[in-house]
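Below is input-v2.cif, which holds mmCIF, N, CA and C atoms.
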```
data_structure
loop_
_atom_site.label_atom_id
_atom_site.label_comp_id
_atom_site.auth_asym_id
_atom_site.auth_seq_id
_atom_site.Cartn_x
_atom_site.Cartn_y
_atom_site.Cartn_z
N MET A 1 0.86 -1.17 0.00
CA MET A 1 0.00 0.00 0.00
C MET A 1 0.90 1.23 0.00
N LYS A 2 0.49 2.26 -0.73
CA LYS A 2 1.24 3.51 -0.74
C LYS A 2 0.64 4.46 0.29
N ILE A 3 1.48 4.91 1.22
CA ILE A 3 1.04 5.71 2.36
C ILE A 3 1.69 7.09 2.30
N ALA A 4 0.89 8.14 2.38
CA ALA A 4 1.38 9.51 2.50
C ALA A 4 1.62 9.80 3.97
N VAL A 5 2.77 10.35 4.29
CA VAL A 5 3.07 10.72 5.67
C VAL A 5 3.56 12.16 5.71
N ALA A 6 3.31 12.82 6.83
CA ALA A 6 3.79 14.18 7.02
C ALA A 6 3.79 14.49 8.51
N CYS A 7 4.59 15.49 8.86
CA CYS A 7 4.66 15.93 10.26
C CYS A 7 5.20 17.34 10.32
N ASP A 8 5.14 17.90 11.50
CA ASP A 8 5.87 19.13 11.78
C ASP A 8 7.06 18.74 12.67
N HIS A 9 7.80 19.73 13.16
CA HIS A 9 8.97 19.45 13.99
C HIS A 9 8.61 18.66 15.26
N GLY A 10 7.39 18.84 15.75
CA GLY A 10 6.96 18.15 16.96
C GLY A 10 6.62 16.68 16.76
N GLY A 11 6.55 16.24 15.51
CA GLY A 11 6.24 14.85 15.22
C GLY A 11 7.32 14.13 14.43
N LEU A 12 8.46 14.80 14.24
CA LEU A 12 9.51 14.26 13.38
C LEU A 12 10.05 12.91 13.83
N ASN A 13 10.34 12.75 15.10
CA ASN A 13 10.93 11.49 15.57
C ASN A 13 9.96 10.33 15.39
N LEU A 14 8.70 10.55 15.71
CA LEU A 14 7.71 9.48 15.56
C LEU A 14 7.45 9.19 14.09
N LYS A 15 7.42 10.24 13.25
CA LYS A 15 7.24 10.02 11.81
C LYS A 15 8.38 9.18 11.25
N ASN A 16 9.60 9.48 11.64
CA ASN A 16 10.74 8.70 11.13
C ASN A 16 10.67 7.25 11.57
N ALA A 17 10.27 7.01 12.82
CA ALA A 17 10.09 5.63 13.29
C ALA A 17 8.96 4.95 12.52
N MET A 18 7.91 5.70 12.23
CA MET A 18 6.77 5.16 11.48
C MET A 18 7.19 4.79 10.06
N ILE A 19 7.97 5.61 9.41
CA ILE A 19 8.43 5.31 8.05
C ILE A 19 9.23 4.01 8.05
N ALA A 20 10.11 3.84 9.01
CA ALA A 20 10.89 2.60 9.10
C ALA A 20 9.95 1.40 9.29
N TYR A 21 8.95 1.54 10.15
CA TYR A 21 7.98 0.48 10.39
C TYR A 21 7.20 0.15 9.11
N LEU A 22 6.73 1.18 8.43
CA LEU A 22 5.95 0.97 7.21
C LEU A 22 6.78 0.25 6.14
N LYS A 23 8.00 0.70 5.94
CA LYS A 23 8.86 0.08 4.92
C LYS A 23 9.20 -1.36 5.28
N LYS A 24 9.46 -1.60 6.56
CA LYS A 24 9.76 -2.96 7.03
C LYS A 24 8.59 -3.90 6.76
N ASN A 25 7.39 -3.34 6.74
CA ASN A 25 6.20 -4.15 6.52
C ASN A 25 5.70 -4.09 5.07
N GLY A 26 6.57 -3.67 4.17
CA GLY A 26 6.28 -3.76 2.75
C GLY A 26 5.48 -2.64 2.13
N HIS A 27 5.30 -1.55 2.84
CA HIS A 27 4.53 -0.42 2.29
C HIS A 27 5.45 0.57 1.60
N GLU A 28 4.91 1.24 0.61
CA GLU A 28 5.61 2.33 -0.05
C GLU A 28 5.22 3.61 0.67
N VAL A 29 6.17 4.50 0.89
CA VAL A 29 5.92 5.71 1.66
C VAL A 29 6.25 6.94 0.81
N GLU A 30 5.34 7.90 0.81
CA GLU A 30 5.63 9.21 0.24
C GLU A 30 5.67 10.19 1.40
N ASP A 31 6.84 10.73 1.65
CA ASP A 31 7.10 11.58 2.81
C ASP A 31 7.04 13.05 2.40
N PHE A 32 6.07 13.77 2.94
CA PHE A 32 5.88 15.17 2.61
C PHE A 32 6.55 16.12 3.60
N GLY A 33 7.40 15.58 4.48
CA GLY A 33 8.14 16.42 5.41
C GLY A 33 7.39 16.61 6.71
N THR A 34 7.96 17.38 7.52
CA THR A 34 9.21 18.08 7.51
C THR A 34 10.34 17.08 7.72
N TYR A 35 11.57 17.55 7.50
CA TYR A 35 12.72 16.66 7.57
C TYR A 35 13.74 17.08 8.62
N THR A 36 13.47 18.17 9.33
CA THR A 36 14.39 18.67 10.35
C THR A 36 13.62 19.01 11.62
N ASN A 37 14.37 19.27 12.68
CA ASN A 37 13.77 19.69 13.95
C ASN A 37 13.52 21.19 14.01
N ASP A 38 13.79 21.91 12.92
CA ASP A 38 13.56 23.35 12.90
C ASP A 38 12.06 23.64 13.01
N SER A 39 11.72 24.64 13.80
CA SER A 39 10.31 24.99 13.97
C SER A 39 9.66 25.28 12.62
N CYS A 40 8.46 24.74 12.43
CA CYS A 40 7.75 24.93 11.16
C CYS A 40 6.25 24.89 11.42
N ASP A 41 5.48 25.12 10.40
CA ASP A 41 4.03 25.18 10.51
C ASP A 41 3.39 23.90 9.96
N TYR A 42 2.72 23.15 10.82
CA TYR A 42 2.14 21.86 10.44
C TYR A 42 1.19 21.92 9.24
N PRO A 43 0.44 23.03 9.02
CA PRO A 43 -0.44 23.02 7.85
C PRO A 43 0.30 22.86 6.52
N ASP A 44 1.53 23.36 6.46
CA ASP A 44 2.30 23.29 5.21
C ASP A 44 2.58 21.85 4.79
N TYR A 45 2.65 20.94 5.73
CA TYR A 45 3.00 19.55 5.45
C TYR A 45 1.78 18.64 5.43
N ALA A 46 0.90 18.82 6.40
CA ALA A 46 -0.28 17.95 6.49
C ALA A 46 -1.17 18.09 5.27
N VAL A 47 -1.30 19.29 4.73
CA VAL A 47 -2.15 19.48 3.56
C VAL A 47 -1.61 18.71 2.35
N GLN A 48 -0.31 18.64 2.21
CA GLN A 48 0.28 17.91 1.07
C GLN A 48 -0.05 16.41 1.15
N ALA A 49 0.05 15.85 2.33
CA ALA A 49 -0.28 14.43 2.50
C ALA A 49 -1.77 14.20 2.23
N ALA A 50 -2.61 15.08 2.74
CA ALA A 50 -4.05 14.94 2.53
C ALA A 50 -4.40 15.07 1.05
N GLU A 51 -3.77 15.98 0.35
CA GLU A 51 -4.03 16.13 -1.08
C GLU A 51 -3.61 14.89 -1.85
N ALA A 52 -2.52 14.26 -1.44
CA ALA A 52 -2.07 13.03 -2.10
C ALA A 52 -3.08 11.91 -1.92
N VAL A 53 -3.68 11.82 -0.75
CA VAL A 53 -4.69 10.79 -0.50
C VAL A 53 -5.98 11.14 -1.26
N ALA A 54 -6.40 12.39 -1.20
CA ALA A 54 -7.63 12.80 -1.88
C ALA A 54 -7.55 12.60 -3.39
N SER A 55 -6.37 12.80 -3.95
CA SER A 55 -6.20 12.66 -5.40
C SER A 55 -6.08 11.21 -5.85
N GLY A 56 -5.82 10.32 -4.89
CA GLY A 56 -5.62 8.91 -5.22
C GLY A 56 -4.17 8.54 -5.46
N ALA A 57 -3.27 9.51 -5.36
CA ALA A 57 -1.84 9.22 -5.53
C ALA A 57 -1.33 8.30 -4.42
N CYS A 58 -1.94 8.40 -3.25
CA CYS A 58 -1.64 7.52 -2.12
C CYS A 58 -2.96 6.92 -1.64
N GLU A 59 -2.88 5.68 -1.14
CA GLU A 59 -4.10 5.00 -0.70
C GLU A 59 -4.57 5.46 0.68
N ARG A 60 -3.64 5.72 1.56
CA ARG A 60 -3.97 6.18 2.91
C ARG A 60 -2.92 7.20 3.33
N GLY A 61 -3.21 7.88 4.44
CA GLY A 61 -2.27 8.87 4.94
C GLY A 61 -2.20 8.86 6.45
N ILE A 62 -1.03 9.25 6.96
CA ILE A 62 -0.81 9.34 8.40
C ILE A 62 -0.04 10.63 8.66
N VAL A 63 -0.57 11.46 9.55
CA VAL A 63 0.06 12.73 9.87
C VAL A 63 0.33 12.82 11.37
N VAL A 64 1.41 13.50 11.72
CA VAL A 64 1.87 13.54 13.11
C VAL A 64 2.28 14.96 13.47
N CYS A 65 1.89 15.39 14.67
CA CYS A 65 2.44 16.61 15.28
C CYS A 65 2.60 16.30 16.76
N SER A 66 2.77 17.28 17.59
CA SER A 66 2.96 17.01 19.01
C SER A 66 1.75 16.33 19.63
N SER A 67 0.55 16.83 19.30
CA SER A 67 -0.69 16.29 19.88
C SER A 67 -1.51 15.46 18.90
N GLY A 68 -1.34 15.67 17.62
CA GLY A 68 -2.16 15.05 16.59
C GLY A 68 -3.37 15.88 16.22
N ILE A 69 -3.67 16.88 17.00
CA ILE A 69 -4.88 17.67 16.78
C ILE A 69 -4.74 18.59 15.58
N GLY A 70 -3.69 19.38 15.55
CA GLY A 70 -3.53 20.34 14.46
C GLY A 70 -3.50 19.69 13.09
N VAL A 71 -2.72 18.61 12.95
CA VAL A 71 -2.62 17.96 11.64
C VAL A 71 -3.94 17.30 11.23
N SER A 72 -4.72 16.81 12.21
CA SER A 72 -6.01 16.21 11.85
C SER A 72 -6.98 17.28 11.37
N ILE A 73 -6.96 18.44 11.99
CA ILE A 73 -7.83 19.54 11.55
C ILE A 73 -7.48 19.93 10.12
N VAL A 74 -6.20 20.08 9.84
CA VAL A 74 -5.77 20.45 8.49
C VAL A 74 -6.20 19.39 7.47
N ALA A 75 -5.91 18.14 7.74
CA ALA A 75 -6.24 17.07 6.79
C ALA A 75 -7.73 17.07 6.48
N ASN A 76 -8.56 17.29 7.48
CA ASN A 76 -10.01 17.25 7.27
C ASN A 76 -10.55 18.45 6.51
N LYS A 77 -9.74 19.44 6.24
CA LYS A 77 -10.16 20.57 5.40
C LYS A 77 -10.09 20.22 3.92
N VAL A 78 -9.39 19.15 3.56
CA VAL A 78 -9.25 18.75 2.16
C VAL A 78 -10.46 17.89 1.79
N PRO A 79 -11.22 18.30 0.77
CA PRO A 79 -12.38 17.50 0.36
C PRO A 79 -11.99 16.05 0.05
N GLY A 80 -12.80 15.15 0.56
CA GLY A 80 -12.55 13.73 0.33
C GLY A 80 -11.77 13.05 1.44
N ILE A 81 -11.28 13.82 2.38
CA ILE A 81 -10.50 13.24 3.47
C ILE A 81 -11.38 13.04 4.69
N ARG A 82 -11.22 11.86 5.29
CA ARG A 82 -11.82 11.55 6.59
C ARG A 82 -10.66 11.11 7.47
N CYS A 83 -10.12 12.07 8.21
CA CYS A 83 -8.94 11.83 9.06
C CYS A 83 -9.38 11.73 10.51
N ALA A 84 -9.03 10.62 11.14
CA ALA A 84 -9.39 10.39 12.53
C ALA A 84 -8.17 10.59 13.42
N HIS A 85 -8.38 11.27 14.50
CA HIS A 85 -7.34 11.50 15.51
C HIS A 85 -7.35 10.28 16.42
N CYS A 86 -6.34 9.42 16.32
CA CYS A 86 -6.34 8.13 17.03
C CYS A 86 -5.12 7.98 17.93
N HIS A 87 -5.37 7.58 19.16
CA HIS A 87 -4.27 7.27 20.06
C HIS A 87 -4.43 5.89 20.69
N ASP A 88 -5.29 5.07 20.09
CA ASP A 88 -5.43 3.70 20.57
C ASP A 88 -5.87 2.82 19.40
N VAL A 89 -5.70 1.52 19.57
CA VAL A 89 -5.99 0.54 18.52
C VAL A 89 -7.49 0.47 18.23
N TYR A 90 -8.30 0.52 19.26
CA TYR A 90 -9.76 0.45 19.06
C TYR A 90 -10.23 1.53 18.10
N CYS A 91 -9.83 2.76 18.32
CA CYS A 91 -10.27 3.86 17.46
C CYS A 91 -9.73 3.70 16.04
N ALA A 92 -8.50 3.23 15.90
CA ALA A 92 -7.93 3.01 14.57
C ALA A 92 -8.73 1.97 13.79
N LYS A 93 -9.14 0.90 14.46
CA LYS A 93 -9.95 -0.13 13.80
C LYS A 93 -11.33 0.40 13.44
N TYR A 94 -11.97 1.03 14.40
CA TYR A 94 -13.36 1.42 14.17
C TYR A 94 -13.51 2.62 13.26
N THR A 95 -12.48 3.44 13.12
CA THR A 95 -12.60 4.51 12.15
C THR A 95 -12.53 3.95 10.73
N ARG A 96 -11.90 2.79 10.57
CA ARG A 96 -11.93 2.10 9.27
C ARG A 96 -13.25 1.34 9.13
N TYR A 97 -13.65 0.57 10.12
CA TYR A 97 -14.87 -0.24 10.04
C TYR A 97 -16.10 0.61 9.74
N HIS A 98 -16.26 1.72 10.47
CA HIS A 98 -17.50 2.48 10.40
C HIS A 98 -17.43 3.76 9.59
N ASN A 99 -16.26 4.42 9.58
CA ASN A 99 -16.15 5.72 8.91
C ASN A 99 -15.41 5.67 7.59
N ASP A 100 -14.82 4.53 7.26
CA ASP A 100 -13.99 4.40 6.06
C ASP A 100 -12.95 5.51 6.00
N ALA A 101 -12.36 5.82 7.17
CA ALA A 101 -11.34 6.87 7.23
C ALA A 101 -10.17 6.52 6.32
N ASN A 102 -9.66 7.53 5.64
CA ASN A 102 -8.52 7.31 4.76
C ASN A 102 -7.23 7.91 5.31
N MET A 103 -7.33 8.57 6.46
CA MET A 103 -6.14 9.10 7.13
C MET A 103 -6.32 8.99 8.64
N ILE A 104 -5.20 8.91 9.34
CA ILE A 104 -5.20 9.03 10.79
C ILE A 104 -4.14 10.05 11.20
N ALA A 105 -4.31 10.55 12.40
CA ALA A 105 -3.36 11.50 12.98
C ALA A 105 -3.08 11.09 14.41
N PHE A 106 -1.85 11.30 14.83
CA PHE A 106 -1.52 11.09 16.23
C PHE A 106 -0.39 11.99 16.66
N GLY A 107 -0.20 12.07 17.98
CA GLY A 107 0.77 12.99 18.54
C GLY A 107 1.98 12.28 19.13
N GLU A 108 3.15 12.80 18.80
CA GLU A 108 4.40 12.25 19.33
C GLU A 108 4.50 12.38 20.84
N LYS A 109 3.91 13.42 21.40
CA LYS A 109 3.97 13.62 22.85
C LYS A 109 2.89 12.82 23.58
N VAL A 110 2.08 12.08 22.83
CA VAL A 110 0.97 11.33 23.41
C VAL A 110 1.24 9.83 23.40
N ILE A 111 1.84 9.33 22.33
CA ILE A 111 2.10 7.89 22.22
C ILE A 111 3.58 7.63 21.92
N GLY A 112 4.01 6.43 22.21
CA GLY A 112 5.37 6.02 21.90
C GLY A 112 5.41 5.17 20.64
N VAL A 113 6.59 4.72 20.30
CA VAL A 113 6.80 3.96 19.08
C VAL A 113 6.00 2.66 19.08
N GLY A 114 6.00 1.93 20.18
CA GLY A 114 5.27 0.67 20.24
C GLY A 114 3.78 0.84 19.99
N MET A 115 3.17 1.83 20.61
CA MET A 115 1.75 2.08 20.40
C MET A 115 1.51 2.57 18.98
N MET A 116 2.38 3.39 18.45
CA MET A 116 2.25 3.85 17.07
C MET A 116 2.19 2.67 16.12
N GLU A 117 3.08 1.70 16.32
CA GLU A 117 3.11 0.53 15.43
C GLU A 117 1.80 -0.24 15.50
N GLU A 118 1.25 -0.41 16.69
CA GLU A 118 -0.02 -1.13 16.84
C GLU A 118 -1.17 -0.36 16.18
N ILE A 119 -1.18 0.95 16.35
CA ILE A 119 -2.23 1.77 15.74
C ILE A 119 -2.14 1.72 14.22
N VAL A 120 -0.94 1.90 13.69
CA VAL A 120 -0.75 1.88 12.24
C VAL A 120 -1.15 0.52 11.68
N HIS A 121 -0.74 -0.55 12.33
CA HIS A 121 -1.12 -1.89 11.87
C HIS A 121 -2.64 -2.04 11.83
N ALA A 122 -3.32 -1.63 12.90
CA ALA A 122 -4.78 -1.73 12.95
C ALA A 122 -5.42 -0.90 11.85
N PHE A 123 -4.94 0.30 11.64
CA PHE A 123 -5.50 1.19 10.62
C PHE A 123 -5.32 0.63 9.21
N LEU A 124 -4.16 0.06 8.94
CA LEU A 124 -3.87 -0.42 7.59
C LEU A 124 -4.45 -1.79 7.29
N THR A 125 -4.76 -2.56 8.30
CA THR A 125 -5.29 -3.91 8.05
C THR A 125 -6.80 -4.01 8.25
N SER A 126 -7.42 -3.00 8.78
CA SER A 126 -8.87 -3.02 8.98
C SER A 126 -9.55 -2.48 7.73
N GLU A 127 -10.69 -3.05 7.40
CA GLU A 127 -11.42 -2.65 6.20
C GLU A 127 -12.79 -2.11 6.58
N TYR A 128 -13.29 -1.27 5.73
CA TYR A 128 -14.63 -0.70 5.89
C TYR A 128 -15.67 -1.82 5.86
N GLU A 129 -16.56 -1.84 6.84
CA GLU A 129 -17.60 -2.86 6.91
C GLU A 129 -18.72 -2.62 5.92
N GLY A 130 -18.95 -1.36 5.57
CA GLY A 130 -20.05 -1.05 4.67
C GLY A 130 -21.39 -1.27 5.35
N GLY A 131 -22.40 -1.39 4.54
CA GLY A 131 -23.73 -1.58 5.08
C GLY A 131 -24.52 -0.29 5.05
N GLU A 132 -25.81 -0.43 5.05
CA GLU A 132 -26.71 0.72 4.87
C GLU A 132 -26.47 1.84 5.89
N ARG A 133 -26.35 1.51 7.15
CA ARG A 133 -26.22 2.59 8.15
C ARG A 133 -24.90 3.34 8.02
N HIS A 134 -23.81 2.63 7.75
CA HIS A 134 -22.51 3.32 7.61
C HIS A 134 -22.44 4.08 6.30
N ASP A 135 -22.96 3.48 5.23
CA ASP A 135 -22.99 4.18 3.93
C ASP A 135 -23.82 5.46 4.04
N ARG A 136 -24.94 5.38 4.74
CA ARG A 136 -25.81 6.55 4.91
C ARG A 136 -25.08 7.66 5.66
N ARG A 137 -24.37 7.29 6.70
CA ARG A 137 -23.66 8.30 7.51
C ARG A 137 -22.52 8.94 6.73
N ILE A 138 -21.80 8.14 5.98
CA ILE A 138 -20.70 8.69 5.17
C ILE A 138 -21.27 9.60 4.08
N ALA A 139 -22.40 9.23 3.51
CA ALA A 139 -23.05 10.09 2.51
C ALA A 139 -23.43 11.44 3.13
N LYS A 140 -23.87 11.43 4.37
CA LYS A 140 -24.20 12.68 5.05
C LYS A 140 -22.95 13.53 5.29
N ILE A 141 -21.86 12.88 5.65
CA ILE A 141 -20.59 13.60 5.81
C ILE A 141 -20.18 14.24 4.49
N LYS A 142 -20.29 13.48 3.41
CA LYS A 142 -19.93 14.02 2.09
C LYS A 142 -20.84 15.18 1.71
N ALA A 143 -22.12 15.11 2.02
CA ALA A 143 -23.05 16.19 1.71
C ALA A 143 -22.68 17.47 2.47
N ILE A 144 -22.30 17.32 3.72
CA ILE A 144 -21.85 18.49 4.50
C ILE A 144 -20.60 19.08 3.88
N GLU A 145 -19.67 18.22 3.52
CA GLU A 145 -18.43 18.67 2.89
C GLU A 145 -18.72 19.43 1.60
N GLU A 146 -19.59 18.90 0.77
CA GLU A 146 -19.95 19.56 -0.49
C GLU A 146 -20.62 20.91 -0.25
N LYS A 147 -21.47 20.97 0.75
CA LYS A 147 -22.17 22.20 1.07
C LYS A 147 -21.20 23.34 1.41
N TYR A 148 -20.16 23.00 2.15
CA TYR A 148 -19.23 24.03 2.63
C TYR A 148 -17.94 24.14 1.82
N SER A 149 -17.80 23.34 0.78
CA SER A 149 -16.58 23.36 -0.04
C SER A 149 -16.71 24.22 -1.27
N LYS A 150 -17.65 25.10 -1.27
CA LYS A 150 -17.88 25.94 -2.46
C LYS A 150 -17.17 27.26 -2.35
#
```
Kindly return the structure encoded in the file as structure tokens.
Amino acid sequence: MKIAVACDHGGLNLKNAMIAYLKKNGHEVEDFGTYTNDSCDYPDYAVQAAEAVASGACERGIVVCSSGIGVSIVANKVPGIRCAHCHDVYCAKYTRYHNDANMIAFGEKVIGVGMMEEIVHAFLTSEYEGGERHDRRIAKIKAIEEKYSK
């Protein structure tokens, strides 16, 4: 699977560990930065990863900052993105099962490498369950997005 990744300076260490984990597990990674510990603005990087997922250039995306909050907000501004802020395996699984999320976000100051690996594994191996109730809810999310994306 091709995965878009991005971070700011506050998520760099966890992003680098995540890239190593993804590659070790056979995934292709497109890294949208940042690449240094120099202070930077997370929107500049998270939006690039989200655009890659929205366009279909990447199948899924993972964004990281200190808390995971800022990058998730940015990713969700891109039409077609459903980015879930996840810091546990349960949420990573269920955002795929019920929301068909195509991106996740987490914070380097919130989780460690071991938990990151478990979350990423759950997110990448869980599939959308589908069904009338979930399809209906996702359609409503898309309608809201279309209403405000003009």
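Note that atom N of Ile138 (chain A) and CA of Tyr94 (chain A) are 13.5 Å apart.
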Practice problem: Find the spatial neighbours of Pro79 (chain A), counting all atoms listed in the file, within a cut-off of 7 Å - ignore same-chain residues fewer than 3 positions away - and output them as a ChimeraX atom specification. | Solution: /A:54,75-76,82,145
Practice problem: Would you list, as a VMD selection string, the residues of region 34-116 of chain A that end up in alpha helix (DSSP H) under DSSP run on this structure's backbone? | Solution: chain A and resid 42 to 55 69 to 75 89 to 97 113 to 116
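Picked out by the PyMOL selection byres ((chain A and resi 68) around 6.5) when it runs on this file: Val63, Val64, Cys65, Ser66, Ser67, Ile69, Gly70, Val71, Ser72, Ile73, His85, Ala105, Phe106, Gly107 and Glu108 of chain A.
For the atom pair formed by CA of Val78 (chain A) and CA of Cys7 (chain A), the distance is 16.3 Å, given to one decimal.
Counting only N, CA and C atoms, region 122-127 of chain A has the following residues at most 5 Å away, ignoring those fewer than 6 positions along the same chain: A:Ala92, A:Lys93, A:Arg96, A:Tyr97.
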Residues of the last selection are to be written out with N, CA and C atoms, as a short mmCIF file (atom, residue, chain, number, x, y, z; two decimals), in the frame of the given file.
```cif
data_model
loop_
_atom_site.label_atom_id
_atom_site.label_comp_id
_atom_site.auth_asym_id
_atom_site.auth_seq_id
_atom_site.Cartn_x
_atom_site.Cartn_y
_atom_site.Cartn_z
N ALA A 92 -8.50 3.23 15.90
CA ALA A 92 -7.93 3.01 14.57
C ALA A 92 -8.73 1.97 13.79
N LYS A 93 -9.14 0.90 14.46
CA LYS A 93 -9.95 -0.13 13.80
C LYS A 93 -11.33 0.40 13.44
N ARG A 96 -11.90 2.79 10.57
CA ARG A 96 -11.93 2.10 9.27
C ARG A 96 -13.25 1.34 9.13
N TYR A 97 -13.65 0.57 10.12
CA TYR A 97 -14.87 -0.24 10.04
C TYR A 97 -16.10 0.61 9.74
#
```
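Here CA of Val53 (chain A) and atom N of Gly131 (chain A) stand 22.1 Å from one another.
Of the listed residues (A:Lys24, A:His121, A:Arg60, A:Lys150), A:Arg60 comes nearest to Ile104 (chain A); the distances count only C-alpha atoms.
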When you write region 25-42 of chain A out from the block above, keep N, CA, C and O atoms and present the result as a PDB file, in the first residue's frame, please.
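Saved result, decode.pdb, follows:
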```
ATOM      1  N   ASN A  25       7.391  -3.345   6.741  1.00  0.00           N
ATOM      2  CA  ASN A  25       6.195  -4.149   6.517  1.00  0.00           C
ATOM      3  C   ASN A  25       5.697  -4.089   5.073  1.00  0.00           C
ATOM      4  O   ASN A  25       4.550  -4.431   4.788  1.00  0.00           O
ATOM      5  N   GLY A  26       6.567  -3.671   4.174  1.00  0.00           N
ATOM      6  CA  GLY A  26       6.282  -3.763   2.748  1.00  0.00           C
ATOM      7  C   GLY A  26       5.483  -2.640   2.126  1.00  0.00           C
ATOM      8  O   GLY A  26       5.036  -2.758   0.982  1.00  0.00           O
ATOM      9  N   HIS A  27       5.295  -1.547   2.843  1.00  0.00           N
ATOM     10  CA  HIS A  27       4.533  -0.424   2.294  1.00  0.00           C
ATOM     11  C   HIS A  27       5.454   0.569   1.597  1.00  0.00           C
ATOM     12  O   HIS A  27       6.618   0.732   1.975  1.00  0.00           O
ATOM     13  N   GLU A  28       4.909   1.238   0.610  1.00  0.00           N
ATOM     14  CA  GLU A  28       5.607   2.331  -0.053  1.00  0.00           C
ATOM     15  C   GLU A  28       5.216   3.614   0.671  1.00  0.00           C
ATOM     16  O   GLU A  28       4.043   3.800   1.024  1.00  0.00           O
ATOM     17  N   VAL A  29       6.171   4.495   0.888  1.00  0.00           N
ATOM     18  CA  VAL A  29       5.925   5.715   1.658  1.00  0.00           C
ATOM     19  C   VAL A  29       6.251   6.936   0.806  1.00  0.00           C
ATOM     20  O   VAL A  29       7.301   6.998   0.174  1.00  0.00           O
ATOM     21  N   GLU A  30       5.338   7.899   0.812  1.00  0.00           N
ATOM     22  CA  GLU A  30       5.626   9.207   0.240  1.00  0.00           C
ATOM     23  C   GLU A  30       5.665  10.187   1.405  1.00  0.00           C
ATOM     24  O   GLU A  30       4.660  10.410   2.077  1.00  0.00           O
ATOM     25  N   ASP A  31       6.836  10.733   1.651  1.00  0.00           N
ATOM     26  CA  ASP A  31       7.095  11.584   2.813  1.00  0.00           C
ATOM     27  C   ASP A  31       7.038  13.053   2.401  1.00  0.00           C
ATOM     28  O   ASP A  31       7.869  13.527   1.636  1.00  0.00           O
ATOM     29  N   PHE A  32       6.067  13.772   2.935  1.00  0.00           N
ATOM     30  CA  PHE A  32       5.876  15.174   2.605  1.00  0.00           C
ATOM     31  C   PHE A  32       6.548  16.122   3.601  1.00  0.00           C
ATOM     32  O   PHE A  32       6.305  17.317   3.573  1.00  0.00           O
ATOM     33  N   GLY A  33       7.401  15.578   4.478  1.00  0.00           N
ATOM     34  CA  GLY A  33       8.142  16.423   5.406  1.00  0.00           C
ATOM     35  C   GLY A  33       7.385  16.613   6.713  1.00  0.00           C
ATOM     36  O   GLY A  33       6.352  16.027   6.921  1.00  0.00           O
ATOM     37  N   THR A  34       7.960  17.385   7.518  1.00  0.00           N
ATOM     38  CA  THR A  34       9.209  18.080   7.508  1.00  0.00           C
ATOM     39  C   THR A  34      10.343  17.081   7.721  1.00  0.00           C
ATOM     40  O   THR A  34      10.101  15.940   8.096  1.00  0.00           O
ATOM     41  N   TYR A  35      11.565  17.551   7.503  1.00  0.00           N
ATOM     42  CA  TYR A  35      12.717  16.657   7.568  1.00  0.00           C
ATOM     43  C   TYR A  35      13.740  17.084   8.616  1.00  0.00           C
ATOM     44  O   TYR A  35      14.766  16.427   8.764  1.00  0.00           O
ATOM     45  N   THR A  36      13.467  18.173   9.332  1.00  0.00           N
ATOM     46  CA  THR A  36      14.392  18.666  10.349  1.00  0.00           C
ATOM     47  C   THR A  36      13.616  19.011  11.622  1.00  0.00           C
ATOM     48  O   THR A  36      12.389  19.088  11.616  1.00  0.00           O
ATOM     49  N   ASN A  37      14.366  19.267  12.677  1.00  0.00           N
ATOM     50  CA  ASN A  37      13.767  19.690  13.947  1.00  0.00           C
ATOM     51  C   ASN A  37      13.517  21.194  14.006  1.00  0.00           C
ATOM     52  O   ASN A  37      13.071  21.700  15.032  1.00  0.00           O
ATOM     53  N   ASP A  38      13.791  21.910  12.925  1.00  0.00           N
ATOM     54  CA  ASP A  38      13.560  23.353  12.904  1.00  0.00           C
ATOM     55  C   ASP A  38      12.061  23.639  13.013  1.00  0.00           C
ATOM     56  O   ASP A  38      11.244  22.958  12.385  1.00  0.00           O
ATOM     57  N   SER A  39      11.719  24.638  13.795  1.00  0.00           N
ATOM     58  CA  SER A  39      10.312  24.992  13.974  1.00  0.00           C
ATOM     59  C   SER A  39       9.662  25.282  12.620  1.00  0.00           C
ATOM     60  O   SER A  39      10.245  25.944  11.762  1.00  0.00           O
ATOM     61  N   CYS A  40       8.464  24.743  12.426  1.00  0.00           N
ATOM     62  CA  CYS A  40       7.754  24.926  11.162  1.00  0.00           C
ATOM     63  C   CYS A  40       6.252  24.894  11.422  1.00  0.00           C
ATOM     64  O   CYS A  40       5.811  24.656  12.549  1.00  0.00           O
ATOM     65  N   ASP A  41       5.482  25.116  10.396  1.00  0.00           N
ATOM     66  CA  ASP A  41       4.029  25.177  10.505  1.00  0.00           C
ATOM     67  C   ASP A  41       3.394  23.903   9.961  1.00  0.00           C
ATOM     68  O   ASP A  41       3.502  23.613   8.765  1.00  0.00           O
ATOM     69  N   TYR A  42       2.716  23.155  10.823  1.00  0.00           N
ATOM     70  CA  TYR A  42       2.144  21.859  10.436  1.00  0.00           C
ATOM     71  C   TYR A  42       1.193  21.923   9.239  1.00  0.00           C
ATOM     72  O   TYR A  42       1.135  20.968   8.462  1.00  0.00           O
TER      73      TYR A  42
END
```
